[in-house]
Structures are given as structure tokens and as C-alpha cells.
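Peer 1: This is the structure I have questions about; it appears just below.
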Amino acid sequence: MSEAVEGREAVALLERTREVVDPRLRATVDSLPGSLRRVAKYHFGWEHADGTPAAGSAGKAIRPALVLASAGALGGDPQRAVRAATAVELVHNFTLLHDDVIDEDPTRRHRPTAWTVFGTPDAIIVGDALQALALKLLAEDRHPAAAAASERLTACVIELCAGQQADCAFEERAPDEVSLDECLTMATAKTGALLGCACALGALYAGAGEEETAAMDAFGREAGLAFQLIDDLIGIWGDPGRTGKPAGADLAAHKKSLPVVAALTSGTRAGAELAALYRGPMTGAAVLRAAEAVDRAGGRDWAQLQAADRMARAVQELSRAVPDLGAAGDLLALAEFVTRRTR
């Protein structure tokens, strides 16, 4: 199958996911008290800051799509997993609200972030409320897999928090004090864990056993790490017109992302130049020099090769749960889509 066809299939799958998940997502958010609901609806792009309706997007729906596609690949009924898919999307958005505060990001999805509009306390509190709603959805679900899904999602949230804490701790350490192994472990926890959990929840709702569920979790984690590698590249070289964020935003924030750490630990002159830049203020000119240094030190090439390797590992894990990969076409299309995106 060509890359263009896979891309179209993935986009169509994400659109179908939105069609089935959005009604449940909106109804769940509508159950929040008014003051919390207003901030949440703004964050999801459904309302403007003044409460009037908006036509913004709630996101790509990659994680809920993974839940539904995983359930289908293992012979389950994706419709029965809509609650689980919605719960995963709520957890994802809980992390986005908190990440925007922690990183002091001014924009998301081409408009001001919730904390810049409603204040830091409201953004944090609404993030907490979204996480609670996710667990409430599973607690109220009568599906036989709901209890196991709730346990797995809760463990995933703890792992996500550990990954976020590690990411923050890296910022306080000198440029040459973070190893690539540490950075990969952090990225797996911060990004891979939720994609793995999404795939595992789909497997549980299809009635899969422990071995299949573990393989689906591993597939999602490897694909998630590939996703993060590409995301880190976009954080340095992405087009602001497409990403909605300033060029080189991660460098300006002194982020020790995967390409950056690969460059810093390269033992090259360019890596040393990057370390020196990271010890000082990141002005516009310094950001441009830092991006060039990452490239010359091999960080860009390493991240691209590593993303491809992780996707190959993901497919290996998937074949353990779904030996006939023809039945996993939606999952493969999604995985290819997220690792070939440019924003």
C-alpha cells in the first residue's frame, strides 16, 4: 500500500473515530459544573473564551482511534469500546492542560492556551476534572473488561506523571548531565505509555488474553516512542503555520528532547557548541544556531533513524497479537500516519 493511500485511510479512520467518540466526549464534558465546563469546552475548541460556540477541532483523535482499531483487529466490536476510547481521550487532554501550564506554552491548536485565558489554577483544576471523568466513564461501564481497563488506565496515569516529572527534572540539569537512555525512558513513559494503554484497552474490550494484551501494549509503546521522536523533530524544525507554535519552541525553552540529547552526547564539536548555547539565554539568533548545531551533531538523522527502527519493532509486537497483519490494517495505517506527519 502506498504512503498516500495509507495517509488517506488514516485520515478517514480518524474522522470516523471523531464521529463516534465526540458525542460521548461532549456529553461527558457537559456533565461538569458550569465554571469547569466553560474552560474545558474552550480547551477542546468547542467554545470561544466568552462562551460562544466555536468550530475548532478537539484534536486528531489518534489515541481513541487506537482503542477502536485495536478492538477491531482482535475481533471485537469497536462500538462497545467507545467509552474506553473516550476515557483515553480525556486522560490525554488532562495531560495537555497540565503540560501547557508546566511548559508555559502560549498557544495550542492555533489559539491561546487555556491557562493564558482563564489562569493557571483553572487550567490545572479542569485537567484534574478531565482525569476524574475518564475514570468515572470506566467505573460506570458495564462491559466485562471495564474493571481491568480502569486499573490499567490508572497505572498509565501514574507512569505519565513519572515521565513528566523526569522531563521537568532534566531542565534543571546541565546539558551534559542527561543520558540518551534516560531520555528514551522518559519519552516512553510520557508518550509511549498512553498509546500503549490505548491499544491494550482495545484488546481488553475485544476479550483478548494477557499475552495478546501485553503485545498490543508493546506495539503502542514502540509506536508512541516513534511518535515522540517525530514530535521532537517538529518541535525544532516544524512550520509554525502548521504547528501553531513558534519555530524552535523546544530549543527556546531549553528542552532536552531526544534529538537534542542525541546531539549533546555525540562527542562532536557541534554537540559542544549546542551545550554552550544551552547554558545561556535562547534568543532568536541562538535558537537558529542551536537548530543548526543539532543537525550538524547528527541529532536530526539519529531521531529519524530511531523513529523508523521503533516502528519496525512496533510491527513485530503487533504480529504477536495479530499474526495476520491484514486484519490490523487500520492500526498500521494509524502508526504510519503519526510517524510521517509534519505537525
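Residues are named by chain letter and number: chains run A, B, ... in the order of the C-alpha cells, numbers start at 1 in each chain, and ligands are numbered from 1 in the order shown.
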Find the residues near A:Asp231: any atom within 12 Å, counting only C-alpha atoms, skip ones fewer than 3 places away on the same chain, and give them as a PDB file with C-alpha atoms, in the first residue's frame.

Peer 2:
```pdb
ATOM      1  CA  ALA A 187       9.774   9.631  26.482  1.00  0.00           C
ATOM      2  CA  THR A 191       4.212   9.461  25.420  1.00  0.00           C
ATOM      3  CA  GLY A 224       4.463   6.071  20.761  1.00  0.00           C
ATOM      4  CA  LEU A 225       8.205   6.448  21.003  1.00  0.00           C
ATOM      5  CA  ALA A 226       8.389   6.837  17.225  1.00  0.00           C
ATOM      6  CA  PHE A 227       5.622   9.436  17.564  1.00  0.00           C
ATOM      7  CA  GLN A 228       7.637  11.321  20.203  1.00  0.00           C
ATOM      8  CA  ILE A 234       8.752  19.067  14.685  1.00  0.00           C
ATOM      9  CA  GLY A 235       9.428  20.964  17.927  1.00  0.00           C
ATOM     10  CA  ILE A 236      12.703  22.137  16.384  1.00  0.00           C
ATOM     11  CA  TRP A 237      12.036  22.345  12.652  1.00  0.00           C
ATOM     12  CA  GLY A 238       8.233  22.418  12.377  1.00  0.00           C
ATOM     13  CA  THR A 243       2.114  23.530  14.228  1.00  0.00           C
ATOM     14  CA  ALA A 249       9.942  26.411  20.591  1.00  0.00           C
ATOM     15  CA  ASP A 250      11.589  23.419  22.290  1.00  0.00           C
ATOM     16  CA  SER A 257      14.325  16.491  23.723  1.00  0.00           C
ATOM     17  CA  LEU A 258      15.563  13.307  22.074  1.00  0.00           C
ATOM     18  CA  PRO A 259      17.343  14.915  19.054  1.00  0.00           C
ATOM     19  CA  ARG A 300      18.244  15.029  13.385  1.00  0.00           C
ATOM     20  CA  ALA A 303      15.973  10.736  15.539  1.00  0.00           C
ATOM     21  CA  GLN A 304      14.723   9.906  12.050  1.00  0.00           C
ATOM     22  CA  ALA A 307      11.781   6.517  14.650  1.00  0.00           C
ATOM     23  CA  VAL A 338       1.662   9.543  13.155  1.00  0.00           C
ATOM     24  CA  THR A 339       5.276   8.869  12.251  1.00  0.00           C
ATOM     25  CA  ARG A 340       5.132  10.618   8.870  1.00  0.00           C
ATOM     26  CA  ARG A 341       3.259  13.720   9.970  1.00  0.00           C
ATOM     27  CA  THR A 342       4.736  17.222   9.775  1.00  0.00           C
ATOM     28  CA  ARG A 343       2.720  18.918  12.516  1.00  0.00           C
TER      29      ARG A 343
END
```

Peer 1: Which of stretch 114-317 of chain A end up as helix (DSSP H, G or I) when DSSP is run on this backbone - answer as a PyMOL selection string?

Peer 2: chain A and resi 114-118+120-139+146-171+175-177+180-205+210-237+240-243+249-252+258-264+269-278+284-296+299-317

Peer 1: Determine which residues of stretch 92-243 of chain A receive a DSSP assignment of strand (DSSP E or B), computed from the backbone, and state them as a list in words.

Peer 2: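 Selection result, strand (DSSP E or B) within stretch 92-243 of chain A: Thr107, Arg108, Arg111 and Pro112 of chain A.
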
Peer 1: Produce a file of the selected residues containing all heavy atoms, as a PDB file, in the first residue's frame.

Peer 2:
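Saved the output as out_15.pdb:
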```
ATOM      1  N   THR A 107       0.340  28.908  23.063  1.00  0.00           N
ATOM      2  CA  THR A 107      -0.678  28.532  22.080  1.00  0.00           C
ATOM      3  C   THR A 107      -0.803  27.016  21.958  1.00  0.00           C
ATOM      4  O   THR A 107       0.148  26.278  22.199  1.00  0.00           O
ATOM      5  CB  THR A 107      -0.348  29.092  20.678  1.00  0.00           C
ATOM      6  OG1 THR A 107       0.930  28.606  20.255  1.00  0.00           O
ATOM      7  CG2 THR A 107      -0.335  30.607  20.676  1.00  0.00           C
ATOM      8  N   ARG A 108      -1.999  26.591  21.614  1.00  0.00           N
ATOM      9  CA  ARG A 108      -2.278  25.195  21.256  1.00  0.00           C
ATOM     10  C   ARG A 108      -3.396  25.214  20.228  1.00  0.00           C
ATOM     11  O   ARG A 108      -4.395  25.899  20.390  1.00  0.00           O
ATOM     12  CB  ARG A 108      -2.693  24.380  22.482  1.00  0.00           C
ATOM     13  CG  ARG A 108      -3.025  22.914  22.116  1.00  0.00           C
ATOM     14  CD  ARG A 108      -3.221  22.042  23.323  1.00  0.00           C
ATOM     15  NE  ARG A 108      -2.008  21.847  24.092  1.00  0.00           N
ATOM     16  CZ  ARG A 108      -1.026  21.011  23.775  1.00  0.00           C
ATOM     17  NH1 ARG A 108      -1.111  20.291  22.664  1.00  0.00           N
ATOM     18  NH2 ARG A 108       0.037  20.895  24.543  1.00  0.00           N
ATOM     19  N   ARG A 111      -4.493  28.734  18.855  1.00  0.00           N
ATOM     20  CA  ARG A 111      -5.110  29.798  19.654  1.00  0.00           C
ATOM     21  C   ARG A 111      -4.546  29.743  21.073  1.00  0.00           C
ATOM     22  O   ARG A 111      -3.892  28.770  21.455  1.00  0.00           O
ATOM     23  CB  ARG A 111      -6.625  29.687  19.653  1.00  0.00           C
ATOM     24  CG  ARG A 111      -7.204  28.452  20.301  1.00  0.00           C
ATOM     25  CD  ARG A 111      -8.714  28.561  20.219  1.00  0.00           C
ATOM     26  NE  ARG A 111      -9.381  27.554  21.021  1.00  0.00           N
ATOM     27  CZ  ARG A 111     -10.647  27.659  21.405  1.00  0.00           C
ATOM     28  NH1 ARG A 111     -11.356  28.712  21.057  1.00  0.00           N
ATOM     29  NH2 ARG A 111     -11.199  26.705  22.109  1.00  0.00           N
ATOM     30  N   PRO A 112      -4.779  30.803  21.879  1.00  0.00           N
ATOM     31  CA  PRO A 112      -4.188  30.855  23.220  1.00  0.00           C
ATOM     32  C   PRO A 112      -4.558  29.631  24.062  1.00  0.00           C
ATOM     33  O   PRO A 112      -5.690  29.138  24.004  1.00  0.00           O
ATOM     34  CB  PRO A 112      -4.766  32.140  23.816  1.00  0.00           C
ATOM     35  CG  PRO A 112      -5.060  33.001  22.631  1.00  0.00           C
ATOM     36  CD  PRO A 112      -5.523  32.049  21.561  1.00  0.00           C
TER      37      PRO A 112
END
```

Peer 1: Give the answer as one residue: which of A:Val21, A:Leu325, A:Val88, A:Val294 has the shortest atom-to-atom distance to A:Ser266, using only C-alpha atoms?

Peer 2: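 Selected residue with least distance to A:Ser266: A:Val294.
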
Peer 1: Taking only C-alpha atoms into account, which of A:Thr28, A:Gln79, A:Ser70, A:Thr265 comes nearest A:Arg16?

Peer 2: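 Ranked by minimum distance to A:Arg16, first place goes to A:Gln79.
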
Peer 1: With only C-alpha atoms as the counted atoms, please give the residues lying no more than 12 Å from A:Asp167, apart from itself and same-chain residues fewer than 6 positions off, as a ChimeraX atom specification.

Peer 2: /A:99,102-103,160-161,173,178,182-191,254-258

Peer 1: Return the single residue from A:Gly72, A:Thr95, A:Pro121, A:Gly280 that is closest to A:Gly163, with distances computed using only C-alpha atoms.

Peer 2: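 Once distances to A:Gly163 are computed over only C-alpha atoms, the minimum belongs to A:Thr95.
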
Peer 1: Might you pull out every residue within 8 Å of A:Ala327, with only C-alpha atoms counted and same-chain residues fewer than 5 positions away left off, and present them as a ChimeraX atom specification?

Peer 2: /A:73-74,322

Peer 1: Using only C-alpha atoms, can you tell me which of A:Pro23, A:Gly127, A:Pro246, A:Gly45 comes closest to A:Ser57?

Peer 2: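 Comparing A:Pro23, A:Gly127, A:Pro246, A:Gly45 against A:Ser57, the winner is A:Gly45.
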
Peer 1: Return the single residue from A:Ala297, A:Ala262, A:Ala223, A:Ala166 that is closest to A:Cys199, with distances computed using only C-alpha atoms.

Peer 2: A:Ala223

Peer 1: Quick one: distance from atom CA of A:Leu180 to atom CA of A:Gly248 in Å, one decimal?

Peer 2: 20.5 Å

Peer 1: What separation in Å, quoted to one decimal, exists between atom CA of A:Ala312 and atom CA of A:Ala148?

Peer 2: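 Going from atom CA of A:Ala312 over to atom CA of A:Ala148 covers 28.6 Å.
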
Peer 1: Skip A:Glu212 itself and residues of its chain fewer than 2 positions away, then list as a PyMOL selection string all residues within 9 Å of it, counting only C-alpha atoms.

Peer 2: chain A and resi 74+200+203+208-210+214-217+318+320-322

Peer 1: Please provide the set of residues having any atom within 12 Å of A:Gly56, restricted to only C-alpha atoms, with same-chain residues fewer than 2 positions apart removed, written as a list of chain:residue names.

Peer 2: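 The neighbour list is A:Lys41, A:Tyr42, A:His43, A:Phe44, A:Gly45, A:Trp46, A:Glu47, A:His48, A:Thr52, A:Pro53, A:Ala54, A:Ala58, A:Gly59, A:Lys60, A:Arg108, A:Arg109, A:His110, A:Arg111.
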